[in-house]
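Comments concern the structure below.
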Protein chains: 2
Amino acid sequence: MSRSSGPRIKREAKPKDSYHHGNLREALVTAALALLDEDGIEAVTIRAVARRAGVTHAAPANHFRDRRALLTALAAEIFAGLRTDIDRKLGGAGPELEARLRVFAQAMLRFGLAAPNRYRLIWRWDALDGKDPALATAMDGIYDRLIGELSAGARADFDPHTRAIALWSMVHGYVSMRIEGNLLAGRDKLSGEPREVAIVSAILRGLGA
Amino acid sequence: MSRSSGPRIKREAKPKDSYHHGNLREALVTAALALLDEDGIEAVTIRAVARRAGVTHAAPANHFRDRRALLTALAAEIFAGLRTDIDRKLGGAGPELEARLRVFAQAMLRFGLAAPNRYRLIWRWDALDGKDPALATAMDGIYDRLIGELSAGARADFDPHTRAIALWSMVHGYVSMRIEGNLLAGRDKLSGEPREVAIVSAILRGLGA
DNA sequence: TCTATATATTGACGGTGTCAATATGAGGGT
DNA sequence: ACCCTCATATTGACACCGTCAATATATAGA
């Protein structure tokens with residue numbers, strides 16, 4: 001009963017002497033992200049997240065219908081962060097289309113290499129709820145940004161959607177391979193970014209950028 | 001006791017009156033593939049596969065160390081089949097590089113659309129054992145085939161590995177999106193193959209094919 | 001203050017992977 | 001033909017998982 005009279009403060013972990021958490025949803029997302037980064041998607045289990053947040057195993061049910069909903073919220077959060085990162089970097093880029101698309105590609109690659117488990121999660125469509133509005137909005141944000149760039153520097157031979165899908169596919173496929181390098185071990189000798197730069201150049205040329 | 005005296009025959013399911021199965025490993029792979037096709041990767045569980053093969057839940061342990069090993073064997077088998085399919089189709093293709101690469105891309109796309117769960121599995125590196133020699137060999141077979149085609153029609157501006165990675169990434173990324181279409185619903189209006197043809201053309205042009 | 005409602009706990013259920021102990025039978029050496 | 005070894009299959013247990021129902025508690029609004 002001792003620490004009772006303090007004002008309501010946002011807290012990360014549940015104080016041990018309180019029944020209600022007060023900020024559980026946020027705490028669950030934080031805990032889940034930590035588990036994701038540390039041990040991968042499989043480690044993000046309802047019960048493990050609850051333990052980490054200091055609540056019992058059934059408490060998360062009040063905030064996420066099921067595990068899929070939790071993972072979906074995570075993915076939406078990650079997409080949103082990626083979006084703001086890309087926006088920021090595009091703000092500081094020159095006006096040439098190739099340079100701007102390179103910013104996009106490099107942002108995806110750097111993000112994937114820095115947080116592979118987060119990258120894996122946002123592409124694990126089988127584990128996510130594609131109909132979730134928050135997820136769809138966050139994802140469309142990035143895609144629409146790409147479309148916008150491609151529409152600005154329009155070329156007649158391919159429509160922007162085709163070019164966006166091509167570039168997006170390209171970048172995603174390449175980043176995937178870099179992340180899961182073991183299966184194609186030794187194939188990509190270049191440890192820095194020249195190869196990915198070359199690839200972006202190649203696809204840009206093909207798309208008539 | 002009745003059906004006892006027949007000669008040893010390869011069988012799919014375990015006869016109910018025998019203790020040893022006689023061909024369990026193969027039967028497990030068959031059962032697992034069926035479950036995979038029907039209900040996805042999550043449905044391919046050790047116990048479900050065992051049930052389908054008509055043995056008890058611990059029997060598979062004699063043939064696969066764990067679930068990962070089972071999935072890896074499946075993926076290797078799928079890769080091998082894909083390889084022979086591509087080889088066969090390339091055998092009937094013309095000598096022009098673009099046509100041959102188009103065969104490769106179309107084979108991947110058709111396979112992905114026809115058996116999406118198999119396609120998903122072979123890219124679920126987190127669920128597979130990348131160090132498994134059978135899997136590595138099967139996968140390298142396809143990759144090396146691609147390298148061979150690209151080396152034949154060599155161009156100086158990009159080395160074959162860069163071009164292979166680009167094309168492979170491209171095709172994989174695109175097929176993934178077609179399969180999981182829900183998240184990018186409505187974005188790819190073309191239901192047939194013209195868009196994928198356009199994309200292959202684009203990447204080929206970019207790669208200087 | 002009283003009460004409705006949101007939130008958290010407790011406990012149970014069936015499913016899973018995996019391990020250890022046991023049972024069975026196929027095949028090789030004599 | 002026998003035995004014996006060893007691969008293979010069964011039984012049973014354990015911990016963990018997601019999910020549900022019943023219960024307890026605290027917050028907020030009348």
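Chain identifiers are assigned as A, B, and so on, following the order in which chains appear in the structure tokens; residues are numbered from 1 within each chain, and ligands are numbered from 1 in order of appearance.
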
Item checked: Contacts of region 6-21 of chain C at 7 Å (only C-alpha atoms (C1' of nucleotides); same-chain gap of 5+ positions) as a list of chain:residue names ->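 Contacts, with the query itself left out: A:Tyr19, A:His20, A:Thr56, A:Ala59, D:DA24.
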
Next item on the list: Identify all chain A residues at most 12 Å from chain C by counting only C-alpha atoms (C1' of nucleotides); ligands do not count. Present them as number ranges by chain.
Entry: A: 14, 18-25, 50, 54-63

Same residues, C-alpha atoms, output as a short mmCIF file (atom, residue, chain, number, x, y, z; two decimals), in the first residue's frame:
```cif
data_model
loop_
_atom_site.label_atom_id
_atom_site.label_comp_id
_atom_site.auth_asym_id
_atom_site.auth_seq_id
_atom_site.Cartn_x
_atom_site.Cartn_y
_atom_site.Cartn_z
CA LYS A 14 3.22 -3.32 -14.43
CA SER A 18 -1.51 -3.14 -8.82
CA TYR A 19 -4.15 -5.31 -10.36
CA HIS A 20 -4.76 -3.34 -13.52
CA HIS A 21 -1.75 -2.52 -15.59
CA GLY A 22 -2.83 0.82 -16.88
CA ASN A 23 -0.96 0.67 -20.15
CA LEU A 24 -0.93 -2.96 -21.08
CA ARG A 25 -1.49 -2.76 -24.79
CA ALA A 50 2.53 -11.70 -21.24
CA GLY A 54 4.51 -8.98 -16.09
CA VAL A 55 0.92 -10.11 -16.51
CA THR A 56 -0.72 -13.50 -16.65
CA HIS A 57 -1.14 -15.51 -19.78
CA ALA A 58 -4.73 -14.55 -20.48
CA ALA A 59 -4.40 -10.82 -19.98
CA PRO A 60 -3.41 -10.05 -23.59
CA ALA A 61 -6.76 -11.39 -24.77
CA ASN A 62 -8.30 -8.11 -23.70
CA HIS A 63 -6.18 -6.22 -26.20
#
```

Item checked: chain D contacts on chain A, only C-alpha atoms (C1' of nucleotides), 8 Å, as a PyMOL selection string -> chain A and resi 19-20+45-47+66-67

Export of prior selection with C-alpha atoms as a tab-separated table (two decimals), in the first residue's frame:
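For reference, part_37.tsv as written:
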```
chain	number	residue	atom	x	y	z
A	19	TYR	CA	-4.15	-5.31	-10.36
A	20	HIS	CA	-4.76	-3.34	-13.52
A	45	THR	CA	4.06	-16.11	-28.26
A	46	ILE	CA	1.11	-14.80	-26.34
A	47	ARG	CA	2.33	-16.33	-23.13
A	66	ASP	CA	-5.37	-13.82	-30.85
A	67	ARG	CA	-1.72	-14.23	-31.72
```

Next item on the list: Could you check which of B:Arg52, B:Asp37, B:His161, B:Arg178 is closest to Glu149 (chain B), using only C-alpha atoms?
Entry: B:His161

Close residues, Leu113 (chain B) itself excluded, 9 Å, only C-alpha atoms (C1' of nucleotides), min 5 positions apart in chain, as a short mmCIF file (atom, residue, chain, number, x, y, z; two decimals) with C-alpha atoms, in the first residue's frame:
```
data_model
loop_
_atom_site.label_atom_id
_atom_site.label_comp_id
_atom_site.auth_asym_id
_atom_site.auth_seq_id
_atom_site.Cartn_x
_atom_site.Cartn_y
_atom_site.Cartn_z
CA MET B 108 8.46 -20.34 -61.39
CA TYR B 119 6.09 -22.39 -53.10
CA VAL B 175 5.45 -14.53 -57.58
CA ARG B 178 0.81 -12.80 -56.85
CA ILE B 179 0.34 -15.60 -54.35
#
```

Check: Using only C-alpha atoms, which residue out of B:Leu90, B:Ile41, B:Ala73, B:Ala34 lies closest to chain A?
Finding: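 With only C-alpha atoms as the atom set, the closest residue is B:Ile41.
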
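The interatomic distance for the pair CA of Leu33 (chain A) and CA of Met170 (chain A) works out to 26.9 Å.
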
Margin query: List the spatial neighbours of Leu135 (chain A) as number ranges by chain - criterion: any atom at most 9 Å away, only C-alpha atoms (C1' of nucleotides), same-chain residues fewer than 3 positions off excluded.
Written below: A: 72-77, 79-80, 128-132, 138-140

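With only C-alpha atoms as the atoms that count, the residue of B:Ala53, B:Ile86, B:Ala48, B:Leu167 with the shortest distance to chain A is B:Leu167.
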
Notebook entry, point to check: Please, which residues of region 17-136 of chain A, numbered as in this document, come out helix (DSSP H, G or I) from DSSP, as a ChimeraX atom specification?
Noted result: /A:24-39,41-43,46-53,59-62,67-91,97-114,116-122,125-127,133-136

Margin query: Just checking: using only C-alpha atoms, which residue out of A:Leu146, A:Leu101, A:Ala136, A:Ala31 ends up closest to chain B?
Written below: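 Smallest distance to chain B is found for A:Ala136.
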
Margin query: What's the separation between CA of His172 (chain B) and CA of Arg120 (chain B), in Å to one decimal place?
Written below: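 Separation between CA of His172 (chain B) and CA of Arg120 (chain B): 10.5 Å.
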
Notebook entry, point to check: From the set A:Ser151, A:Thr162, A:Asn117, A:Ser169, which residue has the shortest atom-to-atom contact distance to chain B, counting only C-alpha atoms?
Noted result: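 That would be A:Ser169, the residue with the smallest distance to chain B.
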